[in-house]
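Below is one structure; the comments refer to it alone.
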Amino acid sequence: MRFLLTAICLVSAAAISFEILLMRILSITQWHHFAWMVISLALLGYAASGTAIALGRQWLEPRFHKAFALSALLLSVSIVGCVELGQRVPFNALEMIWNPRQFLHLASMYLIFIVPFFFAAFCVGLAFTCRGSLIHRIYFVDLFGAGLGALLIISLLFWLTPPQALVLLAAMALSASVIMMVKVTAGGTLIAAQIAWSAALLLTLQQGWVELRPSEFKGLSQALQVVDSRVLTEKSSPLGLLSVVESPRIPFRHAPGLSFNAQSLPPEQLAVFTDGEAISVINDFAAGPGGMDYLADVTAALPFRILDAPKVLVLGAGAGSDLLLALQQGASHIDAVELNPQMIALVRERFAEFAGPVFDHPLVDVHIAEARGFVARSNKRYDLIQIGLLDSFGVTGSGVQALNESYLYTVEGIRSYLERLESGGLLAITRWLRIPPRDSLKLVATVIAAMREMGVSQPESQLVVIRSWNTLTLLAGKRPFQPEDIDAIRDFAQLRFFDLAWFPSMQPGDANRFNQLEFPYFYDGIAALLDAEAGNFIERYKFYIAPATDNRPYFFHFFKWRVLPEVLALRKRGGASLIEWGYLILVATLVQAVIAGSILILLPLARIRPGWPAGIAGRMGSYFFLLGLAFLFIEMAFIQKFILFLGHPLYSVAVVLAGFLIFAGAGSGYSGRMANRLEASGRSPVQFVTGAIITISLGYVFLLPTCFEHLMGLDERIRIGISLALIAPLAFFMGMPFPLGLKRVAAQAPDFIPWAWGLNGFASVISAVLATLLAVHFGFTAVLLMALVFYGLSSLLFRN
Amino acid sequence: MPLNRSCYMVICVVLLAASAVAQEATFTENRAALVRELRAYAERDSTLPGGALDSRVLEVLGEVRRHEFVPDGQRAQAYKNHPLPIGHGQTISQPYIVALMTDLVKAEPEHVVLEVGTGSGYQAAVLAKLVKQVYSIEIIEPLAQEAAERLERLGYENIETKLGDGYFGWQEHGPFDAIVVTAAASHVPPPLIQQLKPGGRMVIPVGGRFQIQSLLLIEKTLEEEIVTRQITAVRFVPLTGGH
């Protein structure tokens, strides 16, 4: 038994690690969004395994150990194989609007990546089915292994490259296979296969056979096409793959928003790509102070025309361009916040000579932190808080990041920055310009909402917006702009051919002068957002520009259904950029998951209909389905709620995922004993457990915000400990309903177990997508409340 | 038998020739259909400053053999109004965008035009039929070579290409009546603006490779002032109920 439980633990750890790693790998080779879609669908492998077990149960039962060992071996092979094979599919996400063949390529990707998840779940499902008496313990090690796996891969990714990590996970699955051989008597062929695969894995690791090949349409691939360009170094971590590129013959000259009238050009630069996209540049220090003069001619330089020797906070320092801007413009001190320590290390160490002492300048303090977390914990005040351009235009323009949560640009976020400003301070945000406007107007709407919350009665007098042909810079003042500020802004813009989109007392004739648009979109839009009828304008606008909030942190979501027919019709006439793909992809993923899930799970299972007691199929089927939905809804809502508290999305994913899985595992392990005790006292265990889940969750909905606010200033490790302590009781109870249900099914209709496993898996697949879709529309609190309704319903189903 | 074999070969050659002729006819037909489609779009909702597309531009699009400029595997798609990948992470633009860009430069027969980003050479070929001379620069070596060979093979004598950095233009042939940049960078290189003649025009597509959002038109007035306009290809009013 100990061997079996160890093997299950290894398989579960390998599977969840692989899921997280695959997200990394596909984010590097493709785009984050498509990575998410492919993985959501690939998880159907879990559900499909239930079907396979149900269909082959009689044959499999006497061959349990061998079947498990073979499945674990195939998991190991497919972990490496699917990544290699997946990269050979000529899938180009960007071409999907034009080329229907891309959908076939996408379908091939799904099929390829389903395989490892199928084999992982086959091992666990097989154990459930063939070792019914151990259900509680199997479920415990399954969850415990998954929790450990989540922690393991995130720490491993700081040390290993994704291909190396891939081989390690394959080795974990292989060792599960080897462990199971202890119980197999005649398994010569299988042993030979294990030995051969071990050798192959070692060679793969040594020879570096698995290589990641990013899409040729990503920024990095394109840069490498240029004559003589090459990657100087790469650094990998769970935060992204950083690639530093040199192009000596045709140097990089990245200067977004540089004026047509710029008097000097950017110096030579090295480019740093994150996951093959999102360019940030290291400027050549040898060019001397004059080499940075070009920075005075970008829209982001505007605040320095108003402020004298400001104390600056740069949120998102990247490779340091915004710091250079602040230094060049006479900042008296700079706090630079950057999420990725490797980015700082590259500029400080490996490229110190080229970059010069950007981060080690006497006026600069560097902080490795997430922007919102840093602001919440800091009690310093600044004259200027600067948020620059860190995403790439291509990605912004294609609308694929619609569903990336961003806490940087929410009402609460903007409010927290404004509160950190000195009385005459400025918040400056620069974004890429899109036409017709989407994010720029949403940003303005968000800033106005934050100001109104703070009691600003006339936000129009505290707002300035200018634009070049491709960037827009917004200034939000702590106090109204003065006439001399306005003069400085006008001069700055006029000299550089930048257009004014808003300043206090601006007249329509001041707008749209240099870079003329068909309509004065920006001035009209901002004027409408400042008007009493702003709500009506937001409603009538063809893109979704209502302010983003922490509860609905989808700043990049602009899609409205009613515009879809119009923009689709305009596609061939050059209107393809009007289509907001991110949201459509999410909906498509949900539809695909439901259809594929039904075909893979429900149809084949429908063939098995032995004489179950009345009501089992409908009632218990719904019970397991609802549990699958509810568990992930809560988990996803908590990941979101903990991001700000833990100060980092990655910490939140790791801590919440591991916490939920490990404590739920513990709960499931204890569920048998607790059920006996409760039943002995005449109480229904499921009712008790779901009642506990609902009570604790409701308590958290009301208490967590206050709790977080007070504990935010504590040390990182203590905050992680508090988070785990908060998750523990809830997750402990959440681990119980599934094994309690299985126990009943095992007693009343053992043939229903694969159905339970399949339906639960099916619901888990749908729930990740559905939760995001619901959060986009109703917010994460609503997702959490909905999960509680599901728990309530499942309790009723169990009772009746 | 020898006789039979030669018969077989003759039949093969005849069939191949016939299929080539048939394919050529299909291309010609598809090209004409594409031009009709583009004309209909332009008439229906042109956002061009001067109204509808210049008929000369559409005539030229009806002449240039776009299928020669796409990879073999993409030839069947050559006359669809789509952008197509041409290898090395590059694309050949959507024909409607090519038409709009060509229209915006207001090409005249005596003009000398600079193109930054040769790509497959299609845009250069279109321009070459409207102006005296086209100079085109490409930064990706294989593309530059392929385009140079292709343009020579197709007999475009008034196009000169080179591999190099487009940021500084092509000083010795400047100033230019028009400059076409085929992919937007983070900023418009000031040296290119300097190489534009007074009265000259520069056009740059803004957006992703498969999703152009607008066309940036930069005009240098006779007084050497810079006026820019950003033109969306389609008429789309973002506010329901009028603007």
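Simple scheme: letters A, B, ... for chains in structure tokens order, numbers from 1 for residues in each chain, numbers from 1 for ligands in the order shown.
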**Q.** Residue list for chain B near chain A as number ranges by chain, 7 Å, only C-alpha atoms
**A.** B: 41, 81-82, 88-89, 96-97, 139-141, 165, 186-188, 190, 207-208, 210-213, 227-231, 233-234, 238-240
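The environment of Ser764 of chain A within 7 Å, counting only C-alpha atoms and disregarding residues fewer than 6 places along the same chain, consists of A:Gly628, A:Leu629, A:Leu632.
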Fewer than 2 positions away in the same chain doesn't count, so skip those; otherwise give me all residues within 12 Å of Glu405 of chain A, counting only C-alpha atoms, as a list in words. His33, Gln401, Ala402, Leu403, Tyr407, Leu408, Tyr409, Thr410, Ala548, Thr549, Asp550, Asn551, Arg552, Pro553, Tyr554, Phe555, Phe556, His557, Ile639, Gln640, Lys641, Ile643, Leu644, Pro649, Thr772, Ala775, Val776, Gly779 and Phe780 of chain A
Neighbouring residues of Gln195 of chain B were defined as those with any atom within 10 Å, considering only C-alpha atoms; residues of the same chain fewer than 4 positions away were excluded. Please report them as a list in words. Leu114, Phe168, Gly169, Trp170, Gln171, Glu172, His173, Gly174, Pro175, Phe176, Asp177, Ala178, Ile179, Pro190, Pro191 and Gly200 of chain B
For the structure I just gave you, how does DSSP split segment 181-238 of chain A - specifically, which residues are helix (DSSP H, G or I)? Reply as a ChimeraX atom specification. /A:181-183,188-207,219-225
What gap, in Å, lies between atom CA of Leu770 of chain A and atom CA of Ser78 of chain A?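 If I compute the distance from atom CA of Leu770 of chain A to atom CA of Ser78 of chain A, I get 28.1 Å.
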Per DSSP on the backbone, what are the strand (DSSP E or B) residues of segment 18-165 of chain B, as a ChimeraX atom specification?
/B:84-87,90-92,112-116,133-138,159-163
